[in-house]
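What follows is the content of run_23.txt, which has compact mmCIF, C-alpha atoms:
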# COMPACT_ATOMS: atom_id res chain seq x y z
CA MET A 1 174.47 25.72 296.62
CA ASN A 2 172.04 25.84 299.52
CA ILE A 3 168.97 28.06 299.76
CA ARG A 4 170.62 30.60 302.12
CA CYS A 5 173.49 31.16 299.71
CA LYS A 6 171.10 31.63 296.79
CA LEU A 7 168.98 34.06 298.79
CA LEU A 8 172.02 36.08 299.89
CA LEU A 9 173.29 36.16 296.32
CA ALA A 10 169.91 37.31 295.00
CA ILE A 11 169.60 40.07 297.61
CA SER A 12 173.15 41.23 296.88
CA ALA A 13 172.42 41.38 293.16
CA LEU A 14 169.26 43.42 293.78
CA LEU A 15 171.08 45.87 296.02
CA LEU A 16 173.93 46.33 293.58
CA SER A 17 171.69 46.87 290.58
CA SER A 18 169.38 49.32 292.37
CA ALA A 19 172.31 51.48 293.44
CA ALA A 20 173.59 51.59 289.87
CA ARG A 21 170.21 52.72 288.51
CA ALA A 22 168.97 54.93 291.33
CA ASP A 23 168.51 57.98 289.08
CA VAL A 24 166.36 56.30 286.41
CA VAL A 25 162.79 57.63 286.14
CA TRP A 26 159.88 57.02 283.84
CA PRO A 27 156.37 58.50 283.56
CA ALA A 28 154.72 55.91 285.85
CA LEU A 29 156.97 57.00 288.73
CA TYR A 30 155.94 60.62 288.30
CA LEU A 31 152.27 59.67 288.19
CA GLU A 32 152.66 57.51 291.29
CA THR A 33 153.75 60.56 293.32
CA ARG A 34 150.47 62.30 292.52
CA LEU A 35 148.22 59.30 293.03
CA PHE A 36 149.34 59.27 296.66
CA SER A 37 148.71 62.96 297.28
CA TRP A 38 146.11 63.67 299.98
CA TRP A 39 143.88 65.57 297.57
CA ALA A 40 144.05 62.81 294.94
CA ILE A 41 143.13 60.17 297.51
CA GLY A 42 140.19 62.27 298.70
CA LEU A 43 139.00 62.83 295.14
CA VAL A 44 139.27 59.13 294.31
CA LEU A 45 137.23 58.18 297.37
CA VAL A 46 134.44 60.62 296.54
CA VAL A 47 134.24 59.75 292.84
CA GLU A 48 134.34 56.01 293.38
CA TYR A 49 131.92 56.16 296.33
CA LEU A 50 129.37 57.76 294.00
CA PHE A 51 130.09 55.13 291.37
CA ILE A 52 129.73 52.20 293.79
CA ARG A 53 126.59 53.65 295.34
CA TYR A 54 124.97 54.32 291.95
CA VAL A 55 125.98 51.24 289.96
CA PHE A 56 125.40 48.65 292.69
CA ALA A 57 122.49 50.37 294.47
CA ILE A 58 123.80 49.54 297.95
CA THR A 59 123.40 51.38 301.24
CA PRO A 60 125.57 54.45 301.85
CA ARG A 61 127.39 52.70 304.70
CA LYS A 62 128.20 49.58 302.65
CA ALA A 63 129.24 51.76 299.70
CA LEU A 64 131.62 53.74 301.93
CA ILE A 65 133.20 50.61 303.44
CA ALA A 66 133.49 48.98 300.00
CA ASP A 67 135.01 52.14 298.51
CA VAL A 68 137.63 52.56 301.24
CA SER A 69 138.48 48.83 301.20
CA ALA A 70 138.81 48.61 297.42
CA ASN A 71 140.94 51.74 297.26
CA ALA A 72 143.14 50.61 300.15
CA ALA A 73 143.87 47.35 298.33
CA SER A 74 144.41 49.26 295.10
CA ALA A 75 146.86 51.59 296.84
CA VAL A 76 148.84 48.82 298.52
CA LEU A 77 149.24 46.77 295.35
CA GLY A 78 149.13 49.67 292.91
CA VAL A 79 152.18 51.30 294.45
CA LEU A 80 154.13 48.35 293.05
CA LEU A 81 152.10 47.37 290.00
CA ILE A 82 151.78 50.80 288.33
CA PRO A 83 155.54 51.49 288.29
CA LEU A 84 156.20 47.87 287.23
CA ALA A 85 153.72 48.28 284.37
CA GLY A 86 155.65 51.42 283.44
CA VAL A 87 158.89 49.44 283.40
CA ALA A 88 157.23 46.75 281.28
CA TRP A 89 156.16 49.46 278.84
CA GLU A 90 159.69 50.87 278.77
CA VAL A 91 161.17 47.48 277.96
CA PHE A 92 158.54 46.50 275.43
CA PRO A 93 157.02 48.09 273.39
CA GLY A 94 158.72 51.27 274.56
CA LEU A 95 162.25 50.55 273.39
CA ALA A 96 161.10 49.54 269.93
CA PHE A 97 158.76 52.51 269.75
CA TYR A 98 161.45 54.97 270.86
CA HIS A 99 163.94 53.60 268.35
CA LEU A 100 161.50 53.65 265.43
CA LEU A 101 160.20 57.18 266.07
CA ASN A 102 163.39 58.62 267.54
CA VAL A 103 161.72 59.80 270.76
CA GLY A 104 162.62 59.43 274.41
CA THR A 105 160.80 58.08 277.44
CA PHE A 106 158.73 61.19 278.15
CA ASN A 107 156.64 61.36 274.98
CA PRO A 108 152.86 61.64 274.49
CA VAL A 109 152.38 57.95 273.65
CA THR A 110 154.17 56.79 276.80
CA TRP A 111 152.19 59.25 278.92
CA ALA A 112 148.94 57.95 277.38
CA ALA A 113 150.00 54.35 277.99
CA THR A 114 150.86 55.21 281.60
CA PHE A 115 147.43 56.78 282.09
CA ALA A 116 145.65 53.77 280.57
CA MET A 117 147.70 51.26 282.58
CA ALA A 118 147.03 53.11 285.85
CA CYS A 119 143.28 53.17 285.18
CA LEU A 120 143.14 49.50 284.22
CA ILE A 121 145.32 48.31 287.09
CA ASN A 122 143.34 50.25 289.68
CA ALA A 123 140.02 49.09 288.23
CA ALA A 124 141.14 45.44 288.14
CA LEU A 125 142.33 45.50 291.75
CA GLU A 126 139.26 47.35 292.98
CA SER A 127 136.83 45.13 291.07
CA PHE A 128 138.48 42.06 292.59
CA VAL A 129 137.96 43.42 296.11
CA LEU A 130 134.41 44.56 295.41
CA LYS A 131 133.50 41.18 293.96
CA ARG A 132 135.29 38.91 296.44
CA ALA A 133 134.96 40.83 299.71
CA PHE A 134 131.56 42.43 299.18
CA GLY A 135 129.89 40.01 296.78
CA LEU A 136 129.01 42.75 294.32
CA PRO A 137 128.08 41.44 290.88
CA PHE A 138 130.68 42.37 288.27
CA THR A 139 130.12 42.37 284.55
CA ARG A 140 132.13 43.88 281.71
CA ARG A 141 129.83 46.89 281.89
CA THR A 142 130.45 47.51 285.62
CA PHE A 143 134.19 46.97 285.12
CA TRP A 144 134.30 49.65 282.41
CA TRP A 145 132.29 52.01 284.63
CA LEU A 146 134.98 51.49 287.27
CA VAL A 147 137.68 52.18 284.67
CA LEU A 148 135.84 55.42 283.83
CA ALA A 149 135.65 56.39 287.51
CA ASN A 150 139.39 55.73 287.79
CA ALA A 151 140.03 57.68 284.59
CA PHE A 152 138.46 60.75 286.16
CA SER A 153 140.51 60.58 289.35
CA VAL A 154 143.76 59.43 287.69
CA GLY A 155 143.19 62.12 285.06
CA ILE A 156 143.11 64.84 287.71
CA ALA A 157 146.33 63.53 289.28
CA PHE A 158 147.81 63.17 285.81
CA GLY A 159 146.86 66.71 284.79
CA SER A 160 148.37 68.11 287.97
CA LEU A 161 151.78 66.99 286.71
CA TRP A 162 151.57 69.73 284.08
CA LEU A 163 150.15 72.36 286.40
CA HIS A 164 152.66 71.67 289.16
CA PRO A 165 155.55 69.52 287.84
CA VAL A 166 157.34 67.11 290.16
CA HIS A 167 160.62 68.46 291.52
CA MET A 168 163.10 65.77 292.41

Target encoding structure tokens, full file:
Amino acid sequence: MNIRCKLLLAISALLLSSAARADVVWPALYLETRLFSWWAIGLVLVVEYLFIRYVFAITPRKALIADVSANAASAVLGVLLIPLAGVAWEVFPGLAFYHLLNVGTFNPVTWAATFAMACLINAALESFVLKRAFGLPFTRRTFWWLVLANAFSVGIAFGSLWLHPVHM
């Protein structure tokens, strides 16, 4: 079988399976809708600008450029990685957890795992950009400060799901 046939077969399989599961949702998808709200993006930029400016002691201009760049990269990759992390949770350990405790997808443990995964994914992506593109020194301590900054902004977006639930 040549490469074109394999590619066509793979694309066909993806299209068929996505149509069959188009109505499946999990907590990471709900959270994703809020992380890309205009107010959440603005809040993230302010909180993380203050973090970058304070922790790395850089000029306001460099802090602003670093903040916007890191969050742009985090948004581009996070839009895929956060929902995929949610799927990974659903497959394992989620399925085992749900079976053992007789709970469904939308339970407090899964919501907590979604929150933690979103914070860690965003912090990892942003720290990579800050380190590689801006040469900022990263240690475990600065990484965990970035996780905390993300926890604040993701927490606001997360909490808004209860104040104003997603209507699909």

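Taking atom CA of A:Val25 and atom CA of A:Thr105 as endpoints, the distance between them is 8.9 Å.
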
Stretch 90-102 of chain A, all listed atoms, 8 Å padding on each side: what axis-aligned box centre and edge lengths in Å to one decimal come out, as lines of an AutoDock Vina configuration file?
center_x = 160.5
center_y = 52.6
center_z = 272.1
size_x = 22.9
size_y = 28.1
size_z = 29.3

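Excluding A:Val154 itself and same-chain residues fewer than 6 positions from it, the residues having an atom within 9 Å of it are Leu31, Arg34, Leu35, Ala40, Val44, Phe115, Ala118 and Cys119 of chain A, counting all atoms listed in the file.
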
Open item on the list: Using only C-alpha atoms, can you tell me which of A:Phe51, A:Trp26, A:Leu101, A:Leu77 comes closest to A:Trp144?
Closed with: A:Phe51

Task: A:Phe92, A:Ser74, A:Gly159, A:Lys62 ranked by distance to A:Trp111, top pick (using only C-alpha atoms) - done: A:Gly159

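All residues of protein, DNA or RNA that reach within 10 Å of A:Leu130, judged by all atoms listed in the file and not counting those fewer than 3 positions away in the chain, are Ile52, Ala63, Ala66, Asp67, Ser69, Ala70, Asn71, Ala124, Leu125, Glu126, Ser127, Ala133, Phe134, Gly135, Leu136, Pro137 and Phe138 of chain A.
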
- [ ] To one decimal in Å, tell me the separation between atom CA of A:Leu148 and atom CA of A:Ala123.
- [x] 8.8 Å

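Contact shell of A:His164 at 12 Å (all atoms listed in the file; same-chain neighbours under 6 positions omitted): Tyr30, Thr33, Arg34, Ile156, Ala157 and Phe158 of chain A.
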
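Here atom CA of A:Ala73 and atom CA of A:Gly94 stand 28.3 Å from one another.
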
TODO: Just the residues within 8 Å of stretch 79-89 of chain A, please, counting only C-alpha atoms, with nothing from its chain fewer than 2 positions along; format it as a list in words.
DONE: Trp26, Pro27, Ala28, Leu29, Glu32, Ala75, Val76, Leu77, Val91, Phe92, Pro93, Gly94, Thr110, Ala113, Thr114, Met117, Ala118 and Ile121 of chain A

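Using only C-alpha atoms for every distance, the candidate list A:Cys5, A:Lys131, A:Trp162, A:Ala116 yields A:Ala116 as the residue closest to A:Val147.
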
Missing atoms in stretch 98-130 of chain A: fill them in up to N, CA and C atoms and send the result as a PDB file, in the frame of the given file.
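For reference, rebuild22.pdb as written:
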ATOM      1  N   TYR A  98     160.518  53.842 270.768  1.00  0.00           N
ATOM      2  CA  TYR A  98     161.450  54.970 270.860  1.00  0.00           C
ATOM      3  C   TYR A  98     162.460  54.942 269.723  1.00  0.00           C
ATOM      4  N   HIS A  99     162.941  53.754 269.419  1.00  0.00           N
ATOM      5  CA  HIS A  99     163.940  53.600 268.350  1.00  0.00           C
ATOM      6  C   HIS A  99     163.335  53.938 266.987  1.00  0.00           C
ATOM      7  N   LEU A 100     162.140  53.420 266.720  1.00  0.00           N
ATOM      8  CA  LEU A 100     161.500  53.650 265.430  1.00  0.00           C
ATOM      9  C   LEU A 100     161.142  55.119 265.192  1.00  0.00           C
ATOM     10  N   LEU A 101     160.643  55.789 266.223  1.00  0.00           N
ATOM     11  CA  LEU A 101     160.200  57.180 266.070  1.00  0.00           C
ATOM     12  C   LEU A 101     161.207  58.211 266.564  1.00  0.00           C
ATOM     13  N   ASN A 102     162.345  57.733 267.047  1.00  0.00           N
ATOM     14  CA  ASN A 102     163.390  58.620 267.540  1.00  0.00           C
ATOM     15  C   ASN A 102     162.875  59.586 268.608  1.00  0.00           C
ATOM     16  N   VAL A 103     162.216  59.019 269.620  1.00  0.00           N
ATOM     17  CA  VAL A 103     161.720  59.800 270.760  1.00  0.00           C
ATOM     18  C   VAL A 103     162.250  59.184 272.033  1.00  0.00           C
ATOM     19  N   GLY A 104     162.175  59.918 273.112  1.00  0.00           N
ATOM     20  CA  GLY A 104     162.620  59.430 274.410  1.00  0.00           C
ATOM     21  C   GLY A 104     161.472  58.929 275.255  1.00  0.00           C
ATOM     22  N   THR A 105     161.772  58.645 276.499  1.00  0.00           N
ATOM     23  CA  THR A 105     160.800  58.080 277.440  1.00  0.00           C
ATOM     24  C   THR A 105     159.599  58.983 277.663  1.00  0.00           C
ATOM     25  N   PHE A 106     159.812  60.273 277.807  1.00  0.00           N
ATOM     26  CA  PHE A 106     158.730  61.190 278.150  1.00  0.00           C
ATOM     27  C   PHE A 106     158.101  61.767 276.886  1.00  0.00           C
ATOM     28  N   ASN A 107     157.316  60.948 276.205  1.00  0.00           N
ATOM     29  CA  ASN A 107     156.640  61.360 274.980  1.00  0.00           C
ATOM     30  C   ASN A 107     155.139  61.157 275.159  1.00  0.00           C
ATOM     31  N   PRO A 108     154.317  61.742 274.313  1.00  0.00           N
ATOM     32  CA  PRO A 108     152.860  61.640 274.490  1.00  0.00           C
ATOM     33  C   PRO A 108     152.316  60.214 274.488  1.00  0.00           C
ATOM     34  N   VAL A 109     152.879  59.323 273.703  1.00  0.00           N
ATOM     35  CA  VAL A 109     152.380  57.950 273.650  1.00  0.00           C
ATOM     36  C   VAL A 109     152.655  57.237 274.980  1.00  0.00           C
ATOM     37  N   THR A 110     153.834  57.420 275.526  1.00  0.00           N
ATOM     38  CA  THR A 110     154.170  56.790 276.800  1.00  0.00           C
ATOM     39  C   THR A 110     153.306  57.354 277.926  1.00  0.00           C
ATOM     40  N   TRP A 111     153.062  58.664 277.908  1.00  0.00           N
ATOM     41  CA  TRP A 111     152.190  59.250 278.920  1.00  0.00           C
ATOM     42  C   TRP A 111     150.775  58.677 278.800  1.00  0.00           C
ATOM     43  N   ALA A 112     150.275  58.525 277.586  1.00  0.00           N
ATOM     44  CA  ALA A 112     148.940  57.950 277.380  1.00  0.00           C
ATOM     45  C   ALA A 112     148.887  56.498 277.843  1.00  0.00           C
ATOM     46  N   ALA A 113     149.938  55.746 277.546  1.00  0.00           N
ATOM     47  CA  ALA A 113     150.000  54.350 277.990  1.00  0.00           C
ATOM     48  C   ALA A 113     150.042  54.272 279.511  1.00  0.00           C
ATOM     49  N   THR A 114     150.772  55.166 280.134  1.00  0.00           N
ATOM     50  CA  THR A 114     150.860  55.210 281.600  1.00  0.00           C
ATOM     51  C   THR A 114     149.488  55.487 282.200  1.00  0.00           C
ATOM     52  N   PHE A 115     148.781  56.443 281.629  1.00  0.00           N
ATOM     53  CA  PHE A 115     147.430  56.780 282.090  1.00  0.00           C
ATOM     54  C   PHE A 115     146.516  55.559 281.970  1.00  0.00           C
ATOM     55  N   ALA A 116     146.519  54.924 280.808  1.00  0.00           N
ATOM     56  CA  ALA A 116     145.650  53.770 280.570  1.00  0.00           C
ATOM     57  C   ALA A 116     146.002  52.611 281.514  1.00  0.00           C
ATOM     58  N   MET A 117     147.292  52.350 281.693  1.00  0.00           N
ATOM     59  CA  MET A 117     147.700  51.260 282.580  1.00  0.00           C
ATOM     60  C   MET A 117     147.277  51.530 284.016  1.00  0.00           C
ATOM     61  N   ALA A 118     147.425  52.766 284.475  1.00  0.00           N
ATOM     62  CA  ALA A 118     147.030  53.110 285.850  1.00  0.00           C
ATOM     63  C   ALA A 118     145.529  52.911 286.042  1.00  0.00           C
ATOM     64  N   CYS A 119     144.731  53.342 285.084  1.00  0.00           N
ATOM     65  CA  CYS A 119     143.280  53.170 285.180  1.00  0.00           C
ATOM     66  C   CYS A 119     142.893  51.698 285.196  1.00  0.00           C
ATOM     67  N   LEU A 120     143.478  50.924 284.313  1.00  0.00           N
ATOM     68  CA  LEU A 120     143.140  49.500 284.220  1.00  0.00           C
ATOM     69  C   LEU A 120     143.612  48.704 285.442  1.00  0.00           C
ATOM     70  N   ILE A 121     144.799  49.007 285.917  1.00  0.00           N
ATOM     71  CA  ILE A 121     145.320  48.310 287.090  1.00  0.00           C
ATOM     72  C   ILE A 121     144.461  48.607 288.310  1.00  0.00           C
ATOM     73  N   ASN A 122     144.181  49.884 288.538  1.00  0.00           N
ATOM     74  CA  ASN A 122     143.340  50.250 289.680  1.00  0.00           C
ATOM     75  C   ASN A 122     141.958  49.623 289.580  1.00  0.00           C
ATOM     76  N   ALA A 123     141.357  49.661 288.405  1.00  0.00           N
ATOM     77  CA  ALA A 123     140.020  49.090 288.230  1.00  0.00           C
ATOM     78  C   ALA A 123     140.033  47.574 288.443  1.00  0.00           C
ATOM     79  N   ALA A 124     141.052  46.895 287.964  1.00  0.00           N
ATOM     80  CA  ALA A 124     141.140  45.440 288.140  1.00  0.00           C
ATOM     81  C   ALA A 124     141.273  45.074 289.616  1.00  0.00           C
ATOM     82  N   LEU A 125     142.143  45.782 290.325  1.00  0.00           N
ATOM     83  CA  LEU A 125     142.330  45.500 291.750  1.00  0.00           C
ATOM     84  C   LEU A 125     141.064  45.814 292.545  1.00  0.00           C
ATOM     85  N   GLU A 126     140.459  46.947 292.257  1.00  0.00           N
ATOM     86  CA  GLU A 126     139.260  47.350 292.980  1.00  0.00           C
ATOM     87  C   GLU A 126     138.081  46.428 292.668  1.00  0.00           C
ATOM     88  N   SER A 127     137.941  46.022 291.423  1.00  0.00           N
ATOM     89  CA  SER A 127     136.830  45.130 291.070  1.00  0.00           C
ATOM     90  C   SER A 127     136.994  43.774 291.753  1.00  0.00           C
ATOM     91  N   PHE A 128     138.230  43.317 291.891  1.00  0.00           N
ATOM     92  CA  PHE A 128     138.480  42.060 292.590  1.00  0.00           C
ATOM     93  C   PHE A 128     138.004  42.150 294.038  1.00  0.00           C
ATOM     94  N   VAL A 129     138.360  43.239 294.707  1.00  0.00           N
ATOM     95  CA  VAL A 129     137.960  43.420 296.110  1.00  0.00           C
ATOM     96  C   VAL A 129     136.439  43.563 296.221  1.00  0.00           C
ATOM     97  N   LEU A 130     135.850  44.356 295.356  1.00  0.00           N
ATOM     98  CA  LEU A 130     134.410  44.560 295.410  1.00  0.00           C
ATOM     99  C   LEU A 130     133.645  43.261 295.162  1.00  0.00           C
TER     100      LEU A 130
END
